[in-house]
Structures are given as structure tokens and as C-alpha cells.
file model-v3.pdb (PDB, C-alpha atoms and all ligand atoms)
ATOM      1  CA  MET A 106       0.000   0.000   0.000  1.00  0.00           C
ATOM      2  CA  ASN A 107       1.128   3.535  -0.792  1.00  0.00           C
ATOM      3  CA  LYS A 108       0.317   6.605   1.236  1.00  0.00           C
ATOM      4  CA  VAL A 109      -1.089   9.275  -1.064  1.00  0.00           C
ATOM      5  CA  TYR A 110      -2.137  12.812  -0.154  1.00  0.00           C
ATOM      6  CA  ILE A 111      -4.934  14.313  -2.238  1.00  0.00           C
ATOM      7  CA  ALA A 112      -6.062  17.960  -2.262  1.00  0.00           C
ATOM      8  CA  LEU A 113      -9.747  18.697  -2.716  1.00  0.00           C
ATOM      9  CA  GLY A 114     -11.174  22.062  -3.770  1.00  0.00           C
ATOM     10  CA  SER A 115     -14.505  23.489  -4.934  1.00  0.00           C
ATOM     11  CA  ASN A 116     -16.164  26.876  -5.281  1.00  0.00           C
ATOM     12  CA  LEU A 117     -19.343  26.008  -7.204  1.00  0.00           C
ATOM     13  CA  ALA A 118     -22.563  24.069  -6.611  1.00  0.00           C
ATOM     14  CA  ASN A 119     -22.401  23.669  -2.809  1.00  0.00           C
ATOM     15  CA  PRO A 120     -18.657  23.219  -2.228  1.00  0.00           C
ATOM     16  CA  GLN A 121     -19.009  21.391   1.104  1.00  0.00           C
ATOM     17  CA  ALA A 122     -21.357  18.845  -0.468  1.00  0.00           C
ATOM     18  CA  GLN A 123     -18.920  18.457  -3.387  1.00  0.00           C
ATOM     19  CA  LEU A 124     -16.072  17.639  -1.018  1.00  0.00           C
ATOM     20  CA  THR A 125     -18.157  15.245   1.055  1.00  0.00           C
ATOM     21  CA  ALA A 126     -19.315  13.380  -2.071  1.00  0.00           C
ATOM     22  CA  ALA A 127     -15.740  13.232  -3.372  1.00  0.00           C
ATOM     23  CA  LEU A 128     -14.479  11.803  -0.057  1.00  0.00           C
ATOM     24  CA  GLN A 129     -17.213   9.174  -0.208  1.00  0.00           C
ATOM     25  CA  ALA A 130     -16.113   8.262  -3.750  1.00  0.00           C
ATOM     26  CA  LEU A 131     -12.426   8.107  -2.722  1.00  0.00           C
ATOM     27  CA  ASN A 132     -13.327   5.831   0.177  1.00  0.00           C
ATOM     28  CA  ALA A 133     -15.115   3.505  -2.262  1.00  0.00           C
ATOM     29  CA  LEU A 134     -12.109   3.064  -4.598  1.00  0.00           C
ATOM     30  CA  SER A 135     -10.904  -0.501  -4.956  1.00  0.00           C
ATOM     31  CA  ASP A 136      -7.707  -1.470  -3.148  1.00  0.00           C
ATOM     32  CA  SER A 137      -7.844   1.840  -1.280  1.00  0.00           C
ATOM     33  CA  ARG A 138      -8.808   3.231   2.087  1.00  0.00           C
ATOM     34  CA  LEU A 139      -9.090   6.793   3.383  1.00  0.00           C
ATOM     35  CA  THR A 140      -7.038   6.996   6.567  1.00  0.00           C
ATOM     36  CA  ALA A 141      -7.299  10.718   7.373  1.00  0.00           C
ATOM     37  CA  VAL A 142      -9.339  13.726   6.299  1.00  0.00           C
ATOM     38  CA  SER A 143      -8.600  17.331   7.269  1.00  0.00           C
ATOM     39  CA  SER A 144     -11.124  19.914   8.307  1.00  0.00           C
ATOM     40  CA  PHE A 145     -12.809  21.886   5.526  1.00  0.00           C
ATOM     41  CA  TYR A 146     -11.276  25.351   5.115  1.00  0.00           C
ATOM     42  CA  GLN A 147     -12.856  28.340   3.411  1.00  0.00           C
ATOM     43  CA  SER A 148     -10.203  30.174   1.406  1.00  0.00           C
ATOM     44  CA  LYS A 149      -9.946  33.234  -0.820  1.00  0.00           C
ATOM     45  CA  PRO A 150      -9.406  32.367  -4.477  1.00  0.00           C
ATOM     46  CA  LEU A 151      -5.917  32.129  -5.807  1.00  0.00           C
ATOM     47  CA  GLY A 152      -6.349  33.672  -9.259  1.00  0.00           C
ATOM     48  CA  PRO A 153      -9.125  36.019 -10.391  1.00  0.00           C
ATOM     49  CA  GLN A 154     -10.823  37.590  -7.362  1.00  0.00           C
ATOM     50  CA  ASP A 155     -14.244  37.906  -9.027  1.00  0.00           C
ATOM     51  CA  GLN A 156     -15.167  34.351  -8.067  1.00  0.00           C
ATOM     52  CA  SER A 157     -16.564  32.792  -4.887  1.00  0.00           C
ATOM     53  CA  ASP A 158     -14.407  31.627  -2.014  1.00  0.00           C
ATOM     54  CA  TYR A 159     -13.260  28.014  -2.139  1.00  0.00           C
ATOM     55  CA  VAL A 160     -13.671  25.171   0.282  1.00  0.00           C
ATOM     56  CA  ASN A 161     -10.457  23.129   0.519  1.00  0.00           C
ATOM     57  CA  ALA A 162      -9.353  19.979   2.315  1.00  0.00           C
ATOM     58  CA  VAL A 163      -6.649  17.312   2.138  1.00  0.00           C
ATOM     59  CA  ALA A 164      -7.130  13.558   2.524  1.00  0.00           C
ATOM     60  CA  CYS A 165      -4.729  10.660   3.003  1.00  0.00           C
ATOM     61  CA  LEU A 166      -5.509   7.605   0.895  1.00  0.00           C
ATOM     62  CA  GLU A 167      -3.736   4.294   1.332  1.00  0.00           C
ATOM     63  CA  THR A 168      -3.906   2.636  -2.042  1.00  0.00           C
ATOM     64  CA  SER A 169      -2.337  -0.014  -4.199  1.00  0.00           C
ATOM     65  CA  LEU A 170      -3.495   1.788  -7.359  1.00  0.00           C
ATOM     66  CA  ALA A 171      -0.528   2.939  -9.460  1.00  0.00           C
ATOM     67  CA  PRO A 172      -0.182   6.723  -9.906  1.00  0.00           C
ATOM     68  CA  LEU A 173      -1.781   6.958 -13.356  1.00  0.00           C
ATOM     69  CA  ALA A 174      -4.545   4.489 -12.431  1.00  0.00           C
ATOM     70  CA  LEU A 175      -5.296   6.692  -9.429  1.00  0.00           C
ATOM     71  CA  LEU A 176      -5.244   9.811 -11.630  1.00  0.00           C
ATOM     72  CA  ASP A 177      -7.798   8.137 -13.936  1.00  0.00           C
ATOM     73  CA  GLU A 178     -10.041   7.490 -10.930  1.00  0.00           C
ATOM     74  CA  LEU A 179      -9.728  11.080  -9.667  1.00  0.00           C
ATOM     75  CA  GLN A 180     -10.643  12.427 -13.107  1.00  0.00           C
ATOM     76  CA  ARG A 181     -13.596  10.027 -13.269  1.00  0.00           C
ATOM     77  CA  ILE A 182     -14.842  11.321  -9.890  1.00  0.00           C
ATOM     78  CA  GLU A 183     -14.406  14.935 -11.048  1.00  0.00           C
ATOM     79  CA  HIS A 184     -16.447  14.236 -14.162  1.00  0.00           C
ATOM     80  CA  GLU A 185     -19.105  12.205 -12.336  1.00  0.00           C
ATOM     81  CA  GLN A 186     -19.666  15.184 -10.068  1.00  0.00           C
ATOM     82  CA  GLY A 187     -20.356  17.275 -13.149  1.00  0.00           C
ATOM     83  CA  ARG A 188     -17.061  19.088 -13.186  1.00  0.00           C
ATOM     84  CA  VAL A 189     -17.262  22.441 -14.842  1.00  0.00           C
ATOM     85  CA  ARG A 190     -14.300  24.694 -15.163  1.00  0.00           C
ATOM     86  CA  LEU A 191     -15.317  28.009 -16.649  1.00  0.00           C
ATOM     87  CA  ARG A 192     -11.898  29.576 -17.270  1.00  0.00           C
ATOM     88  CA  ARG A 193      -8.231  29.112 -16.462  1.00  0.00           C
ATOM     89  CA  TRP A 194      -7.587  29.844 -12.761  1.00  0.00           C
ATOM     90  CA  GLY A 195     -11.344  30.224 -12.467  1.00  0.00           C
ATOM     91  CA  GLU A 196     -14.261  28.649 -10.674  1.00  0.00           C
ATOM     92  CA  ARG A 197     -14.761  24.888 -10.649  1.00  0.00           C
ATOM     93  CA  THR A 198     -17.130  22.329  -9.119  1.00  0.00           C
ATOM     94  CA  LEU A 199     -14.408  19.926  -8.049  1.00  0.00           C
ATOM     95  CA  ASP A 200     -10.660  19.652  -8.230  1.00  0.00           C
ATOM     96  CA  LEU A 201      -8.832  16.549  -7.016  1.00  0.00           C
ATOM     97  CA  ASP A 202      -5.041  16.829  -7.130  1.00  0.00           C
ATOM     98  CA  ILE A 203      -2.438  14.262  -6.169  1.00  0.00           C
ATOM     99  CA  LEU A 204      -0.038  16.166  -3.887  1.00  0.00           C
ATOM    100  CA  LEU A 205       2.253  13.322  -2.855  1.00  0.00           C
ATOM    101  CA  TYR A 206       2.435   9.662  -3.817  1.00  0.00           C
ATOM    102  CA  ALA A 207       4.512   7.901  -1.161  1.00  0.00           C
ATOM    103  CA  ASP A 208       7.966   9.414  -1.627  1.00  0.00           C
ATOM    104  CA  HIS A 209       7.841   9.150  -5.421  1.00  0.00           C
ATOM    105  CA  ILE A 210       8.980  11.883  -7.777  1.00  0.00           C
ATOM    106  CA  ILE A 211       6.986  11.726 -11.000  1.00  0.00           C
ATOM    107  CA  GLN A 212       7.404  13.941 -14.032  1.00  0.00           C
ATOM    108  CA  SER A 213       5.281  12.691 -16.893  1.00  0.00           C
ATOM    109  CA  GLU A 214       3.030  14.327 -19.429  1.00  0.00           C
ATOM    110  CA  ARG A 215      -0.081  13.733 -17.342  1.00  0.00           C
ATOM    111  CA  LEU A 216       1.242  13.975 -13.832  1.00  0.00           C
ATOM    112  CA  THR A 217       3.747  15.965 -11.774  1.00  0.00           C
ATOM    113  CA  VAL A 218       4.282  14.744  -8.193  1.00  0.00           C
ATOM    114  CA  PRO A 219       4.907  16.368  -5.764  1.00  0.00           C
ATOM    115  CA  HIS A 220       2.317  18.898  -6.962  1.00  0.00           C
ATOM    116  CA  TYR A 221       4.314  21.716  -8.598  1.00  0.00           C
ATOM    117  CA  ASP A 222       2.872  24.559  -6.468  1.00  0.00           C
ATOM    118  CA  MET A 223       1.789  22.901  -3.219  1.00  0.00           C
ATOM    119  CA  HIS A 224       4.408  24.590  -1.033  1.00  0.00           C
ATOM    120  CA  GLN A 225       3.070  28.044  -2.022  1.00  0.00           C
ATOM    121  CA  ARG A 226      -0.579  27.343  -1.229  1.00  0.00           C
ATOM    122  CA  GLU A 227      -1.881  27.858   2.294  1.00  0.00           C
ATOM    123  CA  PHE A 228      -5.103  26.012   1.371  1.00  0.00           C
ATOM    124  CA  VAL A 229      -2.958  22.914   0.753  1.00  0.00           C
ATOM    125  CA  ILE A 230      -0.243  23.207   3.406  1.00  0.00           C
ATOM    126  CA  ILE A 231      -2.480  24.072   6.384  1.00  0.00           C
ATOM    127  CA  PRO A 232      -4.904  21.128   5.898  1.00  0.00           C
ATOM    128  CA  LEU A 233      -1.927  18.865   5.178  1.00  0.00           C
ATOM    129  CA  VAL A 234      -0.102  19.763   8.392  1.00  0.00           C
ATOM    130  CA  GLU A 235      -3.344  19.166  10.274  1.00  0.00           C
ATOM    131  CA  ILE A 236      -3.477  15.484   9.249  1.00  0.00           C
ATOM    132  CA  ALA A 237       0.259  14.780   8.786  1.00  0.00           C
ATOM    133  CA  PRO A 238       2.231  16.929  11.262  1.00  0.00           C
ATOM    134  CA  HIS A 239       5.358  14.753  10.920  1.00  0.00           C
ATOM    135  CA  LEU A 240       5.403  14.619   7.122  1.00  0.00           C
ATOM    136  CA  VAL A 241       8.667  15.190   5.263  1.00  0.00           C
ATOM    137  CA  LEU A 242       8.557  15.883   1.519  1.00  0.00           C
ATOM    138  CA  PRO A 243      10.711  13.906  -0.934  1.00  0.00           C
ATOM    139  CA  ASN A 244      13.132  16.872  -1.087  1.00  0.00           C
ATOM    140  CA  GLY A 245      13.708  16.650   2.668  1.00  0.00           C
ATOM    141  CA  GLN A 246      11.596  19.695   3.609  1.00  0.00           C
ATOM    142  CA  SER A 247       9.400  19.175   6.657  1.00  0.00           C
ATOM    143  CA  ILE A 248       5.745  20.139   6.525  1.00  0.00           C
ATOM    144  CA  GLN A 249       6.293  22.047   9.781  1.00  0.00           C
ATOM    145  CA  THR A 250       8.828  24.320   8.099  1.00  0.00           C
ATOM    146  CA  LEU A 251       6.517  24.893   5.137  1.00  0.00           C
ATOM    147  CA  ALA A 252       3.573  25.626   7.433  1.00  0.00           C
ATOM    148  CA  GLN A 253       5.468  28.338   9.350  1.00  0.00           C
ATOM    149  CA  LYS A 254       5.127  30.602   6.317  1.00  0.00           C
ATOM    150  CA  PHE A 255       1.328  30.468   6.710  1.00  0.00           C
ATOM    151  CA  ALA A 256       1.163  30.836  10.497  1.00  0.00           C
ATOM    152  CA  ASP A 257      -1.001  33.961  10.141  1.00  0.00           C
ATOM    153  CA  HIS A 258      -3.362  32.590   7.502  1.00  0.00           C
ATOM    154  CA  HIS A 259      -6.941  33.852   7.466  1.00  0.00           C
ATOM    155  CA  MET A 260      -8.756  30.726   6.407  1.00  0.00           C
ATOM    156  CA  VAL A 261     -11.808  29.730   8.417  1.00  0.00           C
ATOM    157  CA  ILE A 262     -12.700  26.144   9.288  1.00  0.00           C
ATOM    158  CA  VAL A 263     -16.241  25.586   8.014  1.00  0.00           C
ATOM    159  CA  LYS A 264     -16.394  21.924   9.039  1.00  0.00           C
ATOM    160  CA  HIS A 265     -14.163  20.393  11.669  1.00  0.00           C
ATOM    161  CA  LYS A 266     -12.532  17.082  10.817  1.00  0.00           C
ATOM    162  CA  ASN A 267     -14.281  15.365  13.735  1.00  0.00           C
ATOM    163  CA  GLU A 268     -17.608  16.204  12.089  1.00  0.00           C
ATOM    164  CA  ILE A 269     -16.795  14.465   8.799  1.00  0.00           C
ATOM    165  CA  HIS A 270     -18.380  11.031   8.723  1.00  0.00           C
ATOM    166  CA  LEU A 271     -18.073   8.662   5.795  1.00  0.00           C
ATOM    167  CA  GLU A 272     -20.110   5.562   5.104  1.00  0.00           C
ATOM    168  CA  ASN A 273     -18.427   2.275   4.251  1.00  0.00           C
TER
HETATM  169  N1  LIG A 301      -7.981  28.990  -4.933  1.00  0.00           N
HETATM  170  C1  LIG A 301      -8.319  28.432  -3.759  1.00  0.00           C
HETATM  171  N2  LIG A 301      -8.436  29.201  -2.675  1.00  0.00           N
HETATM  172  N3  LIG A 301      -8.537  27.096  -3.640  1.00  0.00           N
HETATM  173  C2  LIG A 301      -8.424  26.261  -4.709  1.00  0.00           C
HETATM  174  O1  LIG A 301      -8.623  25.043  -4.556  1.00  0.00           O
HETATM  175  C3  LIG A 301      -8.066  26.814  -5.951  1.00  0.00           C
HETATM  176  N4  LIG A 301      -7.914  26.041  -7.062  1.00  0.00           N
HETATM  177  C4  LIG A 301      -7.559  26.543  -8.227  1.00  0.00           C
HETATM  178  C5  LIG A 301      -7.260  28.000  -8.430  1.00  0.00           C
HETATM  179  C6  LIG A 301      -8.157  28.546  -9.533  1.00  0.00           C
HETATM  180  C7  LIG A 301      -5.810  28.142  -8.805  1.00  0.00           C
HETATM  181  N5  LIG A 301      -7.495  28.780  -7.223  1.00  0.00           N
HETATM  182  C8  LIG A 301      -7.848  28.210  -6.028  1.00  0.00           C
HETATM  183  O2  LIG A 301      -7.421  25.723  -9.261  1.00  0.00           O
END
call {"tool": "encode", "arguments": {"input": "model-v3.pdb", "output": "C-alpha cells", "more": "lines below"}}
Ligand code: ROI
result
Amino acid sequence: MNKVYIALGSNLANPQAQLTAALQALNALSDSRLTAVSSFYQSKPLGPQDQSDYVNAVACLETSLAPLALLDELQRIEHEQGRVRLRRWGERTLDLDILLYADHIIQSERLTVPHYDMHQREFVIIPLVEIAPHLVLPNGQSIQTLAQKFADHHMVIVKHKNEIHLEN
């Protein structure tokens, strides 16, 4: 089994419900099990400001799916939840990004892991440190060090992780 961290984001069509449905779908993947889910954070958009705030979270999935097989599944879930993406850096119903896949470094046409911009994004790093406070990235950087940069973030928790319940 491989430990994989997945970022979830939505700012259309009831974002909290989008994330909950996506977590349910991740939990139902074959040869996979969700082992941790962060709180849901409301965050200001990165990109054009004339769009709604996002709801973001990070989940840990233990899976034996290979990276591209997992990517196929994430894209299937995005499409099954009626993914719309209206413009580049714009609003979307659901984004599922592989942040980390075990300690693998992947640079292929379809997939870059670790996620190319994760260390710059408070809506990724803060939920990640919540569920994996001892994590070290493949380049040796600790999540604690990365999180220090966002110590004064202004995101609000809209659903606490203890309130997130998934069915089997
Ligand atoms: N901004 C926030 N706050 N959260 C996201 O998940 C998000 N996703 C995106 C862009 C448009 C870059 N901005 C975002 O894809």
C-alpha cells in the first residue's frame, strides 16, 4: 500500500457537499482506504478575485493503485460530479489533485508529483499539516517548516474534521 495525499477544492454548486461526495467516492475506490481527512477550510481564491471563495481539504488515501490508475479514478470522480471549469484559474465544481504519492517523484506528461505549487498554497499546506504533522517531503523539507510561512493565515474552518463522517 502507498500513502497518497490528495487535495480537494470546490467553489461552485455547494462546495461542502462536493467535497463530502468526493471523499465518499475516494473511500469507495478498490484497493484503497481513506485513513485521514482534514477539516474543511474556506479560502480566498488564488487567481481572479471575481469568483466565490473556495472550500479546501486534504485527505490521506492508502492505495495499491498505481499513480496513473489513481489519476484516472480522480478524473472520473471529477467528471461524475459534473465538473465544470469556466476559465483558467477560475471557478470549478471539483478539483482533485495528487499532492504526494509515497515518496515518489513523478514527471510525466499527465502527472507531476509532488504537486508543482503545493508549497506556495496555504489552502494545501495548512490542511496537510493538520493530518500529517510529521510529514517530510521527498526533497527533505518538513511540513512544519513549510507551514510556518502560513502561520497567520486567514482561512476559516467551516467543518471540523471530527464532524466528517463517511459511510463504508
Ligand atoms: N484557490 C483556492 N483558494 N482554492 C483552490 O482550490 C483553488 N484552485 C484553483 C485556483 C483557480 C488556482 N485557485 C484556487 O485551481
call {"tool": "residues_near_ligand", "arguments": {"input": "model-v3.pdb", "ligand": "ligand LIG 301 (chain A)", "cutoff": "7 Å", "atoms": "all atoms listed in the file", "output": "number ranges by chain"}}
result
A: 113-115, 148-152, 158-161, 193-196, 200, 228
call {"tool": "atom_distance", "arguments": {"input": "model-v3.pdb", "atom1": "atom CA of A:Thr250", "atom2": "atom CA of A:Ala112"}}
result
19.2 Å
call {"tool": "resolve_selection", "arguments": {"input": "model-v3.pdb", "expression": "the PyMOL selection byres (((chain A and resi 262) around 6) and not hetatm)", "output": "list in words"}}
result
Phe145, Tyr146, Val261, Val263 and Lys264 of chain A
call {"tool": "residues_near_point", "arguments": {"input": "model-v3.pdb", "point": "(-18.9, 6.1, 7.1)", "cutoff": "12 Å", "atoms": "all atoms listed in the file", "output": "list in words"}}
result
Thr125, Ala126, Leu128, Gln129, Ala130, Leu131, Asn132, Ala133, Arg138, Leu139, Thr140, Glu268, Ile269, His270, Leu271, Glu272 and Asn273 of chain A
call {"tool": "residues_around", "arguments": {"input": "model-v3.pdb", "residues": "A:Gln186", "least_positions_apart": "5", "cutoff": "10 Å", "atoms": "only C-alpha atoms", "output": "PyMOL selection string"}}
result
chain A and resi 118+123+126-127+180-181+198-199
call {"tool": "atom_distance", "arguments": {"input": "model-v3.pdb", "atom1": "atom CA of A:Glu167", "atom2": "atom CA of A:Ser135"}}
result
10.7 Å
call {"tool": "atom_distance", "arguments": {"input": "model-v3.pdb", "atom1": "atom CA of A:Ile230", "atom2": "atom CA of A:Asp136"}}
result
26.6 Å
call {"tool": "closest_atom_pairs", "arguments": {"input": "model-v3.pdb", "of": "stretch 139-162 of chain A", "to": "stretch 233-240 of chain A", "cutoff": "10 Å", "atoms": "only C-alpha atoms", "output": "tab-separated table"}}
result
residue	atom	partner	partner_atom	distance
A:Thr140	CA	A:Ile236	CA	9.6
A:Ala141	CA	A:Ile236	CA	6.4
A:Val142	CA	A:Ile236	CA	6.8
A:Ser143	CA	A:Ile236	CA	5.8
A:Ser144	CA	A:Glu235	CA	8.1
A:Ala162	CA	A:Leu233	CA	8.0
call {"tool": "closest_residue", "arguments": {"input": "model-v3.pdb", "among": "A:Pro172, A:Cys165, A:Lys266, A:Gln121", "to": "A:Gln212", "atoms": "only C-alpha atoms"}}
result
A:Pro172
call {"tool": "resolve_selection", "arguments": {"input": "model-v3.pdb", "expression": "the PyMOL selection byres (((chain A and resi 251) around 12) and not hetatm)", "output": "list in words"}}
result
Met223, His224, Gln225, Arg226, Glu227, Val229, Ile230, Ile231, Leu233, Val234, Pro238, His239, Leu240, Val241, Leu242, Gly245, Gln246, Ser247, Ile248, Gln249, Thr250, Ala252, Gln253, Lys254, Phe255 and Ala256 of chain A
call {"tool": "residues_around", "arguments": {"input": "model-v3.pdb", "residues": "A:Leu170", "least_positions_apart": "4", "cutoff": "8 Å", "atoms": "all atoms listed in the file", "output": "ChimeraX atom specification"}}
result
/A:136-137,174-175
call {"tool": "axis_aligned_box", "arguments": {"input": "model-v3.pdb", "around": "stretch 256-263 of chain A", "padding_each_side": "4 Å", "output": "JSON"}}
result
{"center_x": -7.5, "center_y": 29.8, "center_z": 8.5, "size_x": 25.4, "size_y": 16.4, "size_z": 12.1}
call {"tool": "decode", "arguments": {"input": "model-v3.pdb", "residues": "stretch 168-191 of chain A", "atoms": "N, CA, C and O atoms", "output": "PDB file, in the first residue's frame"}}
result
ATOM      1  N   THR A 168      -3.428   3.273  -0.813  1.00  0.00           N
ATOM      2  CA  THR A 168      -3.906   2.636  -2.042  1.00  0.00           C
ATOM      3  C   THR A 168      -2.829   1.774  -2.676  1.00  0.00           C
ATOM      4  O   THR A 168      -1.640   2.066  -2.550  1.00  0.00           O
ATOM      5  N   SER A 169      -3.275   0.729  -3.364  1.00  0.00           N
ATOM      6  CA  SER A 169      -2.337  -0.014  -4.199  1.00  0.00           C
ATOM      7  C   SER A 169      -2.516   0.339  -5.671  1.00  0.00           C
ATOM      8  O   SER A 169      -1.875  -0.263  -6.536  1.00  0.00           O
ATOM      9  N   LEU A 170      -3.388   1.305  -5.977  1.00  0.00           N
ATOM     10  CA  LEU A 170      -3.495   1.788  -7.359  1.00  0.00           C
ATOM     11  C   LEU A 170      -2.198   2.497  -7.741  1.00  0.00           C
ATOM     12  O   LEU A 170      -1.666   3.292  -6.965  1.00  0.00           O
ATOM     13  N   ALA A 171      -1.713   2.241  -8.944  1.00  0.00           N
ATOM     14  CA  ALA A 171      -0.528   2.939  -9.460  1.00  0.00           C
ATOM     15  C   ALA A 171      -0.890   4.405  -9.724  1.00  0.00           C
ATOM     16  O   ALA A 171      -2.068   4.742  -9.882  1.00  0.00           O
ATOM     17  N   PRO A 172       0.109   5.293  -9.775  1.00  0.00           N
ATOM     18  CA  PRO A 172      -0.182   6.723  -9.906  1.00  0.00           C
ATOM     19  C   PRO A 172      -1.139   7.084 -11.046  1.00  0.00           C
ATOM     20  O   PRO A 172      -2.107   7.818 -10.824  1.00  0.00           O
ATOM     21  N   LEU A 173      -0.907   6.564 -12.243  1.00  0.00           N
ATOM     22  CA  LEU A 173      -1.781   6.958 -13.356  1.00  0.00           C
ATOM     23  C   LEU A 173      -3.158   6.317 -13.257  1.00  0.00           C
ATOM     24  O   LEU A 173      -4.164   6.902 -13.686  1.00  0.00           O
ATOM     25  N   ALA A 174      -3.236   5.118 -12.658  1.00  0.00           N
ATOM     26  CA  ALA A 174      -4.545   4.489 -12.431  1.00  0.00           C
ATOM     27  C   ALA A 174      -5.338   5.320 -11.426  1.00  0.00           C
ATOM     28  O   ALA A 174      -6.551   5.522 -11.573  1.00  0.00           O
ATOM     29  N   LEU A 175      -4.637   5.821 -10.404  1.00  0.00           N
ATOM     30  CA  LEU A 175      -5.296   6.692  -9.429  1.00  0.00           C
ATOM     31  C   LEU A 175      -5.741   7.998 -10.085  1.00  0.00           C
ATOM     32  O   LEU A 175      -6.863   8.465  -9.862  1.00  0.00           O
ATOM     33  N   LEU A 176      -4.884   8.575 -10.923  1.00  0.00           N
ATOM     34  CA  LEU A 176      -5.244   9.811 -11.630  1.00  0.00           C
ATOM     35  C   LEU A 176      -6.502   9.595 -12.473  1.00  0.00           C
ATOM     36  O   LEU A 176      -7.405  10.440 -12.483  1.00  0.00           O
ATOM     37  N   ASP A 177      -6.583   8.457 -13.166  1.00  0.00           N
ATOM     38  CA  ASP A 177      -7.798   8.137 -13.936  1.00  0.00           C
ATOM     39  C   ASP A 177      -9.024   8.152 -13.036  1.00  0.00           C
ATOM     40  O   ASP A 177     -10.071   8.685 -13.406  1.00  0.00           O
ATOM     41  N   GLU A 178      -8.896   7.555 -11.856  1.00  0.00           N
ATOM     42  CA  GLU A 178     -10.041   7.490 -10.930  1.00  0.00           C
ATOM     43  C   GLU A 178     -10.425   8.888 -10.444  1.00  0.00           C
ATOM     44  O   GLU A 178     -11.606   9.211 -10.336  1.00  0.00           O
ATOM     45  N   LEU A 179      -9.427   9.720 -10.134  1.00  0.00           N
ATOM     46  CA  LEU A 179      -9.728  11.080  -9.667  1.00  0.00           C
ATOM     47  C   LEU A 179     -10.446  11.866 -10.760  1.00  0.00           C
ATOM     48  O   LEU A 179     -11.410  12.596 -10.493  1.00  0.00           O
ATOM     49  N   GLN A 180     -10.002  11.699 -11.998  1.00  0.00           N
ATOM     50  CA  GLN A 180     -10.643  12.427 -13.107  1.00  0.00           C
ATOM     51  C   GLN A 180     -12.055  11.900 -13.348  1.00  0.00           C
ATOM     52  O   GLN A 180     -12.977  12.672 -13.651  1.00  0.00           O
ATOM     53  N   ARG A 181     -12.244  10.592 -13.153  1.00  0.00           N
ATOM     54  CA  ARG A 181     -13.596  10.027 -13.269  1.00  0.00           C
ATOM     55  C   ARG A 181     -14.510  10.644 -12.203  1.00  0.00           C
ATOM     56  O   ARG A 181     -15.638  11.060 -12.496  1.00  0.00           O
ATOM     57  N   ILE A 182     -14.024  10.738 -10.968  1.00  0.00           N
ATOM     58  CA  ILE A 182     -14.842  11.321  -9.890  1.00  0.00           C
ATOM     59  C   ILE A 182     -15.157  12.786 -10.203  1.00  0.00           C
ATOM     60  O   ILE A 182     -16.299  13.230 -10.066  1.00  0.00           O
ATOM     61  N   GLU A 183     -14.166  13.535 -10.671  1.00  0.00           N
ATOM     62  CA  GLU A 183     -14.406  14.935 -11.048  1.00  0.00           C
ATOM     63  C   GLU A 183     -15.515  15.026 -12.089  1.00  0.00           C
ATOM     64  O   GLU A 183     -16.418  15.858 -11.983  1.00  0.00           O
ATOM     65  N   HIS A 184     -15.450  14.161 -13.087  1.00  0.00           N
ATOM     66  CA  HIS A 184     -16.447  14.236 -14.162  1.00  0.00           C
ATOM     67  C   HIS A 184     -17.803  13.752 -13.689  1.00  0.00           C
ATOM     68  O   HIS A 184     -18.833  14.327 -14.052  1.00  0.00           O
ATOM     69  N   GLU A 185     -17.814  12.714 -12.835  1.00  0.00           N
ATOM     70  CA  GLU A 185     -19.105  12.205 -12.336  1.00  0.00           C
ATOM     71  C   GLU A 185     -19.798  13.244 -11.462  1.00  0.00           C
ATOM     72  O   GLU A 185     -21.015  13.228 -11.336  1.00  0.00           O
ATOM     73  N   GLN A 186     -19.033  14.125 -10.854  1.00  0.00           N
ATOM     74  CA  GLN A 186     -19.666  15.184 -10.068  1.00  0.00           C
ATOM     75  C   GLN A 186     -19.887  16.427 -10.924  1.00  0.00           C
ATOM     76  O   GLN A 186     -19.969  17.542 -10.416  1.00  0.00           O
ATOM     77  N   GLY A 187     -19.972  16.205 -12.227  1.00  0.00           N
ATOM     78  CA  GLY A 187     -20.356  17.275 -13.149  1.00  0.00           C
ATOM     79  C   GLY A 187     -19.365  18.408 -13.186  1.00  0.00           C
ATOM     80  O   GLY A 187     -19.733  19.576 -13.197  1.00  0.00           O
ATOM     81  N   ARG A 188     -18.077  18.051 -13.213  1.00  0.00           N
ATOM     82  CA  ARG A 188     -17.061  19.088 -13.186  1.00  0.00           C
ATOM     83  C   ARG A 188     -17.282  20.113 -14.278  1.00  0.00           C
ATOM     84  O   ARG A 188     -17.381  19.787 -15.446  1.00  0.00           O
ATOM     85  N   VAL A 189     -17.386  21.354 -13.879  1.00  0.00           N
ATOM     86  CA  VAL A 189     -17.262  22.441 -14.842  1.00  0.00           C
ATOM     87  C   VAL A 189     -16.096  23.301 -14.420  1.00  0.00           C
ATOM     88  O   VAL A 189     -15.832  23.486 -13.225  1.00  0.00           O
ATOM     89  N   ARG A 190     -15.411  23.774 -15.407  1.00  0.00           N
ATOM     90  CA  ARG A 190     -14.300  24.694 -15.163  1.00  0.00           C
ATOM     91  C   ARG A 190     -14.491  25.792 -16.194  1.00  0.00           C
ATOM     92  O   ARG A 190     -14.394  25.560 -17.388  1.00  0.00           O
ATOM     93  N   LEU A 191     -14.839  26.981 -15.721  1.00  0.00           N
ATOM     94  CA  LEU A 191     -15.317  28.009 -16.649  1.00  0.00           C
ATOM     95  C   LEU A 191     -14.174  28.750 -17.326  1.00  0.00           C
ATOM     96  O   LEU A 191     -14.321  29.250 -18.426  1.00  0.00           O
TER      97      LEU A 191
END
